$ cat data-v2.cif   # mmCIF, C-alpha atoms
data_upload
loop_
_atom_site.label_atom_id
_atom_site.label_comp_id
_atom_site.auth_asym_id
_atom_site.auth_seq_id
_atom_site.Cartn_x
_atom_site.Cartn_y
_atom_site.Cartn_z
CA MET A 1 99.18 51.95 84.51
CA THR A 2 98.80 55.12 86.63
CA LYS A 3 96.79 57.92 85.05
CA THR A 4 98.70 61.18 84.38
CA PRO A 5 97.28 63.82 86.76
CA PHE A 6 95.66 66.74 84.97
CA VAL A 7 95.96 70.10 86.77
CA LEU A 8 94.12 73.31 85.92
CA ILE A 9 95.99 76.44 87.11
CA VAL A 10 94.09 79.71 87.56
CA GLU A 11 96.71 82.43 87.95
CA ASP A 12 96.60 85.95 86.54
CA ASP A 13 100.33 86.55 86.77
CA GLU A 14 101.58 85.02 83.57
CA TRP A 15 105.14 84.48 84.78
CA MET A 16 104.07 82.92 88.06
CA ALA A 17 101.75 80.64 86.06
CA GLN A 18 104.66 79.65 83.80
CA GLN A 19 106.72 78.64 86.85
CA HIS A 20 103.88 76.54 88.28
CA GLN A 21 103.31 74.94 84.89
CA ARG A 22 107.00 74.20 84.36
CA SER A 23 107.44 72.53 87.74
CA LEU A 24 104.29 70.39 87.39
CA GLU A 25 105.07 69.36 83.82
CA ALA A 26 108.63 68.45 84.87
CA ALA A 27 106.97 66.13 87.41
CA GLY A 28 105.10 64.40 84.59
CA MET A 29 101.72 66.11 85.03
CA LYS A 30 99.46 67.52 82.34
CA VAL A 31 98.72 71.21 82.91
CA GLU A 32 96.42 73.87 81.54
CA VAL A 33 96.61 77.52 82.59
CA VAL A 34 93.86 80.16 82.54
CA SER A 35 94.14 83.70 83.86
CA HIS A 36 90.70 84.50 85.27
CA ALA A 37 87.66 82.94 86.92
CA LEU A 38 85.36 83.12 83.89
CA ALA A 39 87.89 81.27 81.73
CA ALA A 40 88.31 78.80 84.61
CA MET A 41 84.58 77.94 84.58
CA ASP A 42 84.77 77.20 80.85
CA ALA A 43 87.93 75.13 81.31
CA LEU A 44 86.45 73.21 84.26
CA ASP A 45 83.42 72.33 82.13
CA THR A 46 85.41 71.14 79.15
CA THR A 47 88.56 69.61 80.62
CA LYS A 48 87.44 68.04 83.94
CA PRO A 49 90.76 68.46 85.80
CA ASP A 50 91.87 66.21 88.66
CA VAL A 51 93.07 69.22 90.70
CA LEU A 52 92.50 72.96 90.58
CA VAL A 53 95.38 75.27 91.61
CA LEU A 54 93.80 78.63 92.33
CA ASP A 55 95.19 82.10 92.99
CA VAL A 56 92.86 84.24 95.13
CA LEU A 57 93.06 87.77 93.71
CA LEU A 58 92.14 87.58 90.06
CA ALA A 59 91.10 90.06 87.41
CA GLY A 60 87.28 90.27 87.46
CA PRO A 61 85.51 87.78 89.74
CA ASN A 62 87.90 86.46 92.40
CA ALA A 63 88.63 82.92 93.62
CA PHE A 64 85.71 82.85 96.05
CA THR A 65 83.19 83.66 93.32
CA LEU A 66 84.62 80.71 91.39
CA LEU A 67 84.51 78.43 94.46
CA HIS A 68 80.85 79.37 95.11
CA GLU A 69 80.00 78.64 91.49
CA MET A 70 81.81 75.29 91.64
CA ARG A 71 79.87 74.30 94.75
CA SER A 72 76.62 74.67 92.82
CA HIS A 73 77.63 72.00 90.29
CA ALA A 74 77.82 68.47 91.69
CA ASP A 75 80.62 67.32 89.36
CA LEU A 76 82.77 70.41 89.93
CA ALA A 77 82.21 70.41 93.69
CA ALA A 78 84.27 67.23 93.88
CA VAL A 79 87.38 68.76 92.28
CA PRO A 80 90.03 69.24 95.00
CA VAL A 81 91.35 72.81 95.21
CA ILE A 82 94.79 74.07 96.19
CA LEU A 83 94.80 77.80 97.00
CA CYS A 84 98.10 79.34 96.02
CA THR A 85 98.25 82.90 97.27
CA ASN A 86 100.41 85.78 98.52
CA SER A 87 97.91 86.22 101.37
CA ALA A 88 98.00 82.72 102.83
CA GLU A 89 98.10 84.10 106.39
CA GLN A 90 94.53 85.35 105.89
CA PHE A 91 93.09 81.93 105.12
CA ALA A 92 92.69 78.98 107.44
CA GLN A 93 92.42 75.77 105.49
CA ASP A 94 89.81 74.36 107.89
CA ASP A 95 87.51 77.34 107.22
CA LEU A 96 87.76 76.72 103.50
CA SER A 97 87.38 72.95 103.44
CA ALA A 98 83.65 73.33 102.75
CA TYR A 99 84.66 74.91 99.45
CA GLY A 100 86.80 71.96 98.48
CA VAL A 101 90.05 73.67 99.49
CA ARG A 102 92.45 70.90 100.50
CA ARG A 103 95.70 72.87 100.76
CA VAL A 104 96.73 76.52 101.13
CA LEU A 105 100.17 77.35 99.73
CA ASP A 106 101.97 80.60 100.48
CA LYS A 107 103.57 81.97 97.32
CA THR A 108 105.92 84.12 99.39
CA LYS A 109 107.42 81.08 101.14
CA MET A 110 106.88 78.02 98.97
CA HIS A 111 109.50 76.18 96.95
CA PRO A 112 108.54 75.23 93.37
CA LYS A 113 108.53 71.54 94.43
CA ASP A 114 105.92 72.25 97.14
CA LEU A 115 103.24 72.60 94.48
CA GLU A 116 104.00 69.17 93.03
CA ALA A 117 103.95 67.68 96.54
CA ALA A 118 100.60 69.34 97.31
CA VAL A 119 99.03 68.06 94.09
CA ARG A 120 100.22 64.50 94.81
CA LYS A 121 98.93 64.73 98.37
CA VAL A 122 95.40 65.80 97.42
CA LEU A 123 95.23 63.07 94.78
CA LEU A 124 96.01 60.31 97.30
CA MET B 1 115.64 93.39 124.50
CA GLN B 2 114.24 96.59 126.01
CA GLY B 3 115.98 98.50 123.20
CA ASN B 4 114.12 96.41 120.61
CA LYS B 5 110.78 97.03 122.34
CA ASP B 6 111.41 100.79 122.36
CA GLN B 7 112.24 100.69 118.67
CA ILE B 8 109.03 98.81 117.89
CA LYS B 9 107.01 101.31 119.97
CA LYS B 10 108.68 104.22 118.23
CA GLY B 11 107.91 102.64 114.85
CA ALA B 12 104.27 102.10 115.79
CA LEU B 13 103.90 105.76 116.75
CA LEU B 14 104.94 106.83 113.25
CA PHE B 15 101.62 105.61 111.87
CA ASN B 16 98.13 106.49 113.01
CA GLU B 17 95.11 104.21 112.59
CA ASP B 18 94.00 105.92 109.37
CA GLU B 19 97.27 104.98 107.74
CA LEU B 20 97.07 101.28 108.56
CA PRO B 21 94.91 100.27 105.55
CA PHE B 22 97.42 102.11 103.37
CA LEU B 23 100.28 100.18 104.95
CA VAL B 24 98.47 96.86 104.54
CA THR B 25 97.79 97.56 100.86
CA ALA B 26 101.33 98.83 100.27
CA SER B 27 102.88 95.76 101.85
CA HIS B 28 100.58 93.42 99.91
CA GLU B 29 101.29 95.08 96.61
CA LEU B 30 105.01 94.94 97.16
CA LYS B 31 104.61 91.30 98.09
CA SER B 32 103.39 90.32 94.60
CA PRO B 33 106.52 91.32 92.64
CA LEU B 34 108.81 90.18 95.46
CA ALA B 35 107.16 86.75 95.63
CA LEU B 36 107.51 86.46 91.86
CA VAL B 37 111.19 87.46 91.94
CA ARG B 38 111.73 84.81 94.63
CA GLN B 39 109.99 82.08 92.59
CA LEU B 40 111.95 83.06 89.48
CA ALA B 41 115.22 83.01 91.41
CA LEU B 42 114.38 79.54 92.78
CA ALA B 43 113.60 78.40 89.23
CA LEU B 44 117.16 79.34 88.24
CA GLU B 45 118.44 76.64 90.62
CA ASP B 46 117.16 74.01 88.22
CA SER B 47 120.19 72.59 86.45
CA ALA B 48 118.01 71.23 83.63
CA LEU B 49 117.28 74.75 82.35
CA SER B 50 118.64 75.60 78.92
CA GLU B 51 120.71 78.76 78.41
CA SER B 52 117.82 80.47 76.63
CA GLU B 53 115.37 79.59 79.45
CA ARG B 54 117.89 80.88 81.98
CA ALA B 55 118.24 84.17 80.05
CA ARG B 56 114.44 84.51 79.76
CA ILE B 57 113.95 84.03 83.52
CA ALA B 58 116.78 86.49 84.29
CA GLY B 59 115.02 89.03 82.06
CA GLN B 60 111.74 88.42 83.94
CA ILE B 61 113.52 89.01 87.26
CA LEU B 62 114.87 92.32 85.94
CA LEU B 63 111.50 93.55 84.64
CA THR B 64 109.66 92.46 87.80
CA SER B 65 112.23 94.21 90.01
CA GLU B 66 111.80 97.38 87.94
CA ARG B 67 108.05 97.22 88.50
CA ALA B 68 108.58 96.89 92.27
CA LEU B 69 110.99 99.82 92.15
CA ARG B 70 108.44 101.98 90.30
CA LEU B 71 106.03 101.26 93.12
CA THR B 72 108.49 102.13 95.89
CA THR B 73 109.56 105.32 94.07
CA ASP B 74 105.89 106.34 93.75
CA LEU B 75 105.37 105.67 97.44
CA SER B 76 108.30 107.84 98.52
CA ARG B 77 107.27 110.58 96.04
CA SER B 78 103.73 110.41 97.40
CA ALA B 79 104.94 110.73 101.02
CA ARG B 80 106.85 113.92 100.14
CA LEU B 81 104.06 115.56 98.11
CA GLU B 82 103.04 118.11 100.73
CA ASP B 83 106.60 119.30 101.33
CA SER B 84 107.46 119.78 97.69
CA LEU B 85 106.95 122.54 95.19
CA PHE B 86 106.04 121.34 91.74
CA GLU B 87 106.99 123.06 88.59
CA MET B 88 103.90 123.26 86.44
CA GLU B 89 104.73 123.78 82.79
CA PRO B 90 103.03 123.62 79.43
CA LEU B 91 103.75 120.20 77.98
CA ASN B 92 102.70 117.99 75.14
CA PRO B 93 100.55 115.15 76.59
CA GLN B 94 101.01 113.08 73.45
CA GLN B 95 104.74 113.06 74.15
CA ILE B 96 104.11 111.83 77.72
CA CYS B 97 102.03 108.97 76.29
CA GLU B 98 104.82 108.13 73.85
CA GLU B 99 107.48 108.16 76.59
CA VAL B 100 105.37 105.86 78.78
CA ALA B 101 104.68 103.50 75.87
CA HIS B 102 108.41 103.41 75.12
CA GLU B 103 109.30 102.72 78.78
CA MET B 104 106.68 99.99 79.18
CA THR B 105 107.24 98.25 75.85
CA PRO B 106 109.93 95.80 77.13
CA LEU B 107 107.62 94.62 79.94
CA TYR B 108 104.60 94.40 77.63
CA ARG B 109 106.61 92.51 74.98
CA ALA B 110 108.00 90.09 77.55
CA LYS B 111 104.41 89.29 78.57
CA GLY B 112 103.28 88.94 74.96
CA HIS B 113 101.22 92.14 74.91
CA GLU B 114 101.32 95.38 72.99
CA ILE B 115 101.06 98.97 74.20
CA ARG B 116 100.53 101.75 71.68
CA VAL B 117 99.70 105.43 71.45
CA VAL B 118 96.65 106.41 69.49
CA SER B 119 97.88 109.43 67.53
CA ARG B 120 96.01 112.67 67.12
CA TYR B 121 96.54 115.33 64.51
CA ARG B 122 95.56 118.53 66.33
CA PRO B 123 98.29 119.72 68.71
CA ILE B 124 97.28 120.15 72.35
CA LEU B 125 99.13 121.43 75.40
CA ALA B 126 98.46 120.65 79.06
CA VAL B 127 99.70 122.47 82.15
CA ALA B 128 101.12 119.88 84.53
CA ASN B 129 104.19 118.57 86.28
CA LYS B 130 105.90 116.29 83.80
CA ASP B 131 107.21 113.76 86.33
CA LEU B 132 103.89 113.39 88.18
CA LEU B 133 101.86 113.13 84.98
CA ARG B 134 104.27 110.51 83.63
CA ARG B 135 104.01 108.53 86.86
CA ILE B 136 100.19 108.56 86.72
CA ILE B 137 100.19 107.16 83.19
CA LEU B 138 102.87 104.60 84.09
CA ASN B 139 100.64 103.45 86.95
CA PHE B 140 97.61 103.10 84.67
CA ALA B 141 99.72 101.25 82.09
CA ASP B 142 101.11 98.91 84.75
CA ASN B 143 97.56 98.24 85.91
CA ALA B 144 96.22 97.72 82.38
CA LEU B 145 98.84 95.06 81.65
CA HIS B 146 97.14 92.69 84.08
CA TYR B 147 93.78 93.03 82.36
CA ALA B 148 94.77 93.21 78.71
CA GLY B 149 93.57 90.40 76.49
CA ALA B 150 96.26 88.48 74.61
CA ASP B 151 95.36 89.83 71.17
CA THR B 152 94.32 93.34 72.05
CA PRO B 153 96.76 96.23 72.63
CA VAL B 154 96.54 98.63 75.53
CA GLU B 155 95.94 102.10 74.10
CA LEU B 156 97.21 105.41 75.41
CA ARG B 157 95.63 108.59 74.13
CA ALA B 158 95.54 112.30 74.88
CA GLY B 159 92.80 114.68 73.83
CA ALA B 160 91.01 117.90 74.74
CA GLN B 161 87.73 117.64 76.59
CA SER B 162 84.69 119.22 74.92
CA ASN B 163 84.98 122.48 76.89
CA ARG B 164 88.67 122.77 75.89
CA ALA B 165 89.55 123.65 79.49
CA LYS B 166 90.82 120.18 80.31
CA ILE B 167 93.12 117.69 78.66
CA ARG B 168 92.46 114.01 79.23
CA LEU B 169 95.17 111.36 79.10
CA SER B 170 93.72 107.87 79.16
CA VAL B 171 94.77 104.22 79.22
CA ARG B 172 92.30 101.72 77.75
CA ASP B 173 92.56 97.99 78.36
CA TYR B 174 90.51 95.26 76.72
CA GLY B 175 90.00 92.41 79.15
CA PRO B 176 87.38 90.76 81.33
CA ALA B 177 84.74 93.22 82.56
CA VAL B 178 84.82 94.12 86.25
CA PRO B 179 81.51 93.04 87.88
CA ALA B 180 79.10 95.99 88.28
CA ASP B 181 78.94 96.00 92.09
CA MET B 182 82.73 95.82 92.36
CA TRP B 183 83.08 98.62 89.83
CA HIS B 184 80.64 100.84 91.73
CA ARG B 185 82.72 100.51 94.90
CA LEU B 186 85.91 101.14 92.92
CA GLU B 187 84.47 104.31 91.35
CA ILE B 188 83.29 105.75 94.68
CA GLY B 189 86.72 105.63 96.24
CA LEU B 190 88.80 106.05 93.10
CA GLY B 191 92.08 107.68 93.96
CA ARG B 192 90.76 109.02 97.27
CA THR B 193 90.88 105.97 99.48
CA VAL B 194 93.07 102.92 99.29
CA GLN B 195 90.97 100.30 97.53
CA PRO B 196 90.39 96.99 99.29
CA LEU B 197 92.65 94.35 97.83
CA HIS B 198 89.86 92.47 96.07
CA MET B 199 88.72 95.47 93.97
CA ARG B 200 91.16 95.17 91.13
CA PRO B 201 94.07 93.05 92.18
CA GLN B 202 97.75 93.48 91.32
CA SER B 203 98.84 97.11 91.17
CA SER B 204 95.44 98.78 91.25
CA GLY B 205 94.62 99.75 94.84
CA LEU B 206 97.81 101.50 95.74
CA GLY B 207 98.63 102.58 92.19
CA LEU B 208 95.28 104.34 91.80
CA PHE B 209 95.52 105.92 95.24
CA VAL B 210 98.96 107.32 94.47
CA ALA B 211 97.82 108.41 90.98
CA GLY B 212 94.90 110.28 92.59
CA GLN B 213 97.27 112.05 94.97
CA PHE B 214 99.59 113.05 92.12
CA ALA B 215 96.64 114.34 90.06
CA ARG B 216 95.26 116.46 92.91
CA ALA B 217 98.72 117.96 93.50
CA MET B 218 98.39 119.32 89.93
CA GLN B 219 94.75 120.44 90.43
CA GLY B 220 93.68 117.53 88.26
CA GLU B 221 91.66 114.41 88.91
CA ILE B 222 91.56 110.79 87.89
CA GLY B 223 88.57 108.72 86.84
CA ALA B 224 87.56 105.51 85.15
CA THR B 225 85.05 104.22 82.63
CA ARG B 226 83.85 100.63 82.58
CA HIS B 227 83.33 98.96 79.22
CA HIS B 228 81.83 95.57 78.43
CA ASP B 229 85.31 94.49 77.37
CA GLY B 230 87.65 96.22 79.81
CA ALA B 231 88.18 99.65 81.31
CA THR B 232 89.61 103.10 80.68
CA PHE B 233 91.50 104.91 83.43
CA TYR B 234 92.12 108.59 82.82
CA VAL B 235 93.54 111.76 84.32
CA ASP B 236 92.18 115.22 83.53
CA VAL B 237 94.58 118.17 83.82
CA THR B 238 94.28 121.85 82.90
CA ALA B 239 94.66 122.75 79.24
CA SER B 240 97.22 125.40 78.33
CA ALA B 241 95.90 128.51 76.58
CA GLN B 242 99.22 128.99 74.77
CA LEU B 243 98.24 127.32 71.52
CA SER B 244 95.01 129.32 71.23
CA LEU B 245 97.05 132.52 71.42
CA LEU B 246 99.06 131.63 68.31
#
$ encode --input "data-v2.cif" --output "structure tokens"
Amino acid sequence: MTKTPFVLIVEDDEWMAQQHQRSLEAAGMKVEVVSHALAAMDALDTTKPDVLVLDVLLAGPNAFTLLHEMRSHADLAAVPVILCTNSAEQFAQDDLSAYGVRRVLDKTKMHPKDLEAAVRKVLL
Amino acid sequence: MQGNKDQIKKGALLFNEDELPFLVTASHELKSPLALVRQLALALEDSALSESERARIAGQILLTSERALRLTTDLSRSARLEDSLFEMEPLNPQQICEEVAHEMTPLYRAKGHEIRVVSRYRPILAVANKDLLRRIILNFADNALHYAGADTPVELRAGAQSNRAKIRLSVRDYGPAVPADMWHRLEIGLGRTVQPLHMRPQSSGLGLFVAGQFARAMQGEIGATRHHDGATFYVDVTASAQLSLL
């Protein structure tokens, strides 16, 4: 039996987070949402997600502070990351692969189903 | 083709290099609500949505569009500041706080948060332009919404400063603390330069810049205080002497 993918979403816009959560849950995935990087560290420690979906600009410490912190923990460094941002044009995925970033999604262009496809792709 | 090039050149000449960071921030901050409206509209395509879910998403589109419109109205008001004459009048700052709380309540409620005015018993009067002062507090309240904790209300209050010459209107949020180094950079440029996007995301950079402009047009100033559990953004304006004459 295939394991249900567990996705942790870090998104400080509550309504955007709801949309991401709805589309992933409709695809049969288990989802938890947190709104800032500090809560994300706690959730990463306790829930061990299969994939992290991460907005860049967050209240308090931003996504890169979280990515740096994750790199310093061997277990968390292995969690694949999907950046989901309004500023996708500023980030080249190749430059961020050292931080575990496997996909960069542009919130201004993506379709709700793109997130599901990206999660499935990084889990392959 | 040549016509298009001329138009682009003409457009580029409208902005000097100093204005480019402002344009970048403005376009980014408009992008956030527009991207959300787009995602919400795409969500409505899902035929599996119930009527109540459909109504909820339509309501979110409305409130998000209104937020984007507040931002564009502030931008156009800000661009016309130097050409305009502002009526400065004695006004009740508590009433401004109440009007802003009333206007923002649907958005706060829809996001599961509360905004409230902390009442005071001693009457105070400020000398300010009502529209600009209201816009400053709306900006702070919009900003605070993104940082408010789920169980803690955002508080608006108005009070006289200790020397009685100034009236302070403030918006307090209870949320994650901004890291000290980030806060220091935010404080240095508060309301005077457009903040880099990573300072306080969402509406902060442009909203605070515009709020600072509006405050200075009324001979006032904006500021901020960092707390271990959030932040207070405030505007100081001149106190009216009218009440002391009674």
$ interface_residues --input "data-v2.cif" --of "chain A" --to "chain B" --cutoff "9 Å" --atoms "only C-alpha atoms" --output "ChimeraX atom specification"
/A:12-16,19,23,36,38,56-62,86-87,107-112
$ atom_distance --input "data-v2.cif" --atom1 "atom CA of Ala39 of chain A" --atom2 "atom CA of Met70 of chain A"
13.1 Å
$ closest_residue --input "data-v2.cif" --among "A:Ala40, A:Ala88, A:Leu96, A:Val104" --to "Leu76 of chain A" --atoms "all atoms listed in the file"
A:Ala40
$ atom_distance --input "data-v2.cif" --atom1 "atom CA of Ser47 of chain B" --atom2 "atom CA of Ala17 of chain A"
20.1 Å
$ closest_residue --input "data-v2.cif" --among "A:Glu11, A:Asp106, A:Asp50, A:Glu32" --to "Leu124 of chain A" --atoms "only C-alpha atoms"
A:Asp50
$ residues_around --input "data-v2.cif" --residues "Gly28 of chain A" --least-positions-apart "4" --cutoff "9 Å" --atoms "all atoms listed in the file" --output "ChimeraX atom specification"
/A:4-5,24
$ resolve_selection --input "data-v2.cif" --expression "the PyMOL selection byres ((chain B and resi 113) around 10)" --output "list of chain:residue names"
B:Thr105, B:Pro106, B:Leu107, B:Tyr108, B:Arg109, B:Ala110, B:Lys111, B:Gly112, B:Glu114, B:Ile115, B:Leu145, B:Ala148, B:Gly149, B:Ala150, B:Asp151, B:Thr152, B:Pro153, B:Val154
$ atom_distance --input "data-v2.cif" --atom1 "atom CA of Leu156 of chain B" --atom2 "atom CA of Gln94 of chain B"
8.8 Å
$ resolve_selection --input "data-v2.cif" --expression "the PyMOL selection byres ((chain B and resi 75) around 12)" --output "PyMOL selection string"
chain B and resi 22-23+25-27+29-30+68-74+76-81+135+139+206-211+213-214
$ residues_around --input "data-v2.cif" --residues "Arg103 of chain A" --least-positions-apart "2" --cutoff "7 Å" --atoms "all atoms listed in the file" --output "PyMOL selection string"
chain A and resi 82-83+93+101+105+118
$ write_last_selection --input "data-v2.cif" --atoms "C-alpha atoms" --output "mmCIF file, in the coordinates of the input"
data_model
loop_
_atom_site.group_PDB
_atom_site.id
_atom_site.type_symbol
_atom_site.label_atom_id
_atom_site.label_comp_id
_atom_site.auth_asym_id
_atom_site.auth_seq_id
_atom_site.Cartn_x
_atom_site.Cartn_y
_atom_site.Cartn_z
ATOM 1 C CA ILE A 82 94.790 74.070 96.190
ATOM 2 C CA LEU A 83 94.800 77.800 97.000
ATOM 3 C CA GLN A 93 92.420 75.770 105.490
ATOM 4 C CA VAL A 101 90.050 73.670 99.490
ATOM 5 C CA LEU A 105 100.170 77.350 99.730
ATOM 6 C CA ALA A 118 100.600 69.340 97.310
#
$ closest_residue --input "data-v2.cif" --among "A:Glu25, A:Gln90, A:Val79, A:Ala63" --to "Lys48 of chain A" --atoms "only C-alpha atoms"
A:Val79
$ residues_around --input "data-v2.cif" --residues "Glu98 of chain B" --least-positions-apart "5" --cutoff "9 Å" --atoms "all atoms listed in the file" --output "ChimeraX atom specification"
/B:93,103,116-117,156
$ residues_around --input "data-v2.cif" --residues "Val235 of chain B" --least-positions-apart "3" --cutoff "9 Å" --atoms "only C-alpha atoms" --output "PyMOL selection string"
chain B and resi 133+136-137+167-170+211-212+215+220-224
$ decode --input "data-v2.cif" --residues "segment 43-62 of chain B" --atoms "N, CA and C atoms" --output "PDB file, in the first residue's frame"
ATOM      1  N   ALA B  43      -9.986  28.693  -7.898  1.00  0.00           N
ATOM      2  CA  ALA B  43     -10.619  27.716  -6.997  1.00  0.00           C
ATOM      3  C   ALA B  43     -12.107  27.601  -7.297  1.00  0.00           C
ATOM      4  N   LEU B  44     -12.718  28.698  -7.727  1.00  0.00           N
ATOM      5  CA  LEU B  44     -14.157  28.675  -8.023  1.00  0.00           C
ATOM      6  C   LEU B  44     -14.499  27.782  -9.214  1.00  0.00           C
ATOM      7  N   GLU B  45     -13.490  27.431 -10.010  1.00  0.00           N
ATOM      8  CA  GLU B  45     -13.733  26.545 -11.162  1.00  0.00           C
ATOM      9  C   GLU B  45     -14.062  25.118 -10.729  1.00  0.00           C
ATOM     10  N   ASP B  46     -13.711  24.813  -9.473  1.00  0.00           N
ATOM     11  CA  ASP B  46     -13.887  23.445  -8.997  1.00  0.00           C
ATOM     12  C   ASP B  46     -15.378  23.139  -8.803  1.00  0.00           C
ATOM     13  N   SER B  47     -15.875  22.209  -9.586  1.00  0.00           N
ATOM     14  CA  SER B  47     -17.315  21.918  -9.534  1.00  0.00           C
ATOM     15  C   SER B  47     -17.703  21.188  -8.250  1.00  0.00           C
ATOM     16  N   ALA B  48     -16.712  20.671  -7.525  1.00  0.00           N
ATOM     17  CA  ALA B  48     -17.029  19.940  -6.287  1.00  0.00           C
ATOM     18  C   ALA B  48     -17.305  20.872  -5.111  1.00  0.00           C
ATOM     19  N   LEU B  49     -17.136  22.173  -5.305  1.00  0.00           N
ATOM     20  CA  LEU B  49     -17.333  23.108  -4.191  1.00  0.00           C
ATOM     21  C   LEU B  49     -18.804  23.171  -3.797  1.00  0.00           C
ATOM     22  N   SER B  50     -19.047  23.232  -2.497  1.00  0.00           N
ATOM     23  CA  SER B  50     -20.427  23.401  -2.031  1.00  0.00           C
ATOM     24  C   SER B  50     -20.810  24.873  -2.190  1.00  0.00           C
ATOM     25  N   GLU B  51     -22.115  25.148  -2.064  1.00  0.00           N
ATOM     26  CA  GLU B  51     -22.584  26.540  -2.193  1.00  0.00           C
ATOM     27  C   GLU B  51     -21.950  27.417  -1.127  1.00  0.00           C
ATOM     28  N   SER B  52     -21.837  26.894   0.088  1.00  0.00           N
ATOM     29  CA  SER B  52     -21.285  27.718   1.178  1.00  0.00           C
ATOM     30  C   SER B  52     -19.792  27.993   0.941  1.00  0.00           C
ATOM     31  N   GLU B  53     -19.066  26.994   0.423  1.00  0.00           N
ATOM     32  CA  GLU B  53     -17.637  27.215   0.120  1.00  0.00           C
ATOM     33  C   GLU B  53     -17.493  28.263  -0.989  1.00  0.00           C
ATOM     34  N   ARG B  54     -18.383  28.154  -1.969  1.00  0.00           N
ATOM     35  CA  ARG B  54     -18.362  29.098  -3.096  1.00  0.00           C
ATOM     36  C   ARG B  54     -18.601  30.532  -2.584  1.00  0.00           C
ATOM     37  N   ALA B  55     -19.576  30.670  -1.678  1.00  0.00           N
ATOM     38  CA  ALA B  55     -19.903  31.994  -1.124  1.00  0.00           C
ATOM     39  C   ALA B  55     -18.723  32.514  -0.291  1.00  0.00           C
ATOM     40  N   ARG B  56     -18.087  31.628   0.464  1.00  0.00           N
ATOM     41  CA  ARG B  56     -16.951  32.037   1.296  1.00  0.00           C
ATOM     42  C   ARG B  56     -15.804  32.540   0.416  1.00  0.00           C
ATOM     43  N   ILE B  57     -15.505  31.818  -0.664  1.00  0.00           N
ATOM     44  CA  ILE B  57     -14.408  32.218  -1.547  1.00  0.00           C
ATOM     45  C   ILE B  57     -14.751  33.534  -2.261  1.00  0.00           C
ATOM     46  N   ALA B  58     -16.026  33.684  -2.660  1.00  0.00           N
ATOM     47  CA  ALA B  58     -16.432  34.950  -3.302  1.00  0.00           C
ATOM     48  C   ALA B  58     -16.237  36.114  -2.332  1.00  0.00           C
ATOM     49  N   GLY B  59     -16.573  35.895  -1.066  1.00  0.00           N
ATOM     50  CA  GLY B  59     -16.363  36.926  -0.040  1.00  0.00           C
ATOM     51  C   GLY B  59     -14.886  37.252   0.112  1.00  0.00           C
ATOM     52  N   GLN B  60     -14.022  36.240   0.054  1.00  0.00           N
ATOM     53  CA  GLN B  60     -12.569  36.465   0.168  1.00  0.00           C
ATOM     54  C   GLN B  60     -12.059  37.278  -1.029  1.00  0.00           C
ATOM     55  N   ILE B  61     -12.611  36.995  -2.211  1.00  0.00           N
ATOM     56  CA  ILE B  61     -12.204  37.767  -3.402  1.00  0.00           C
ATOM     57  C   ILE B  61     -12.575  39.237  -3.208  1.00  0.00           C
ATOM     58  N   LEU B  62     -13.772  39.475  -2.692  1.00  0.00           N
ATOM     59  CA  LEU B  62     -14.232  40.855  -2.476  1.00  0.00           C
ATOM     60  C   LEU B  62     -13.310  41.582  -1.486  1.00  0.00           C
TER      61      LEU B  62
END
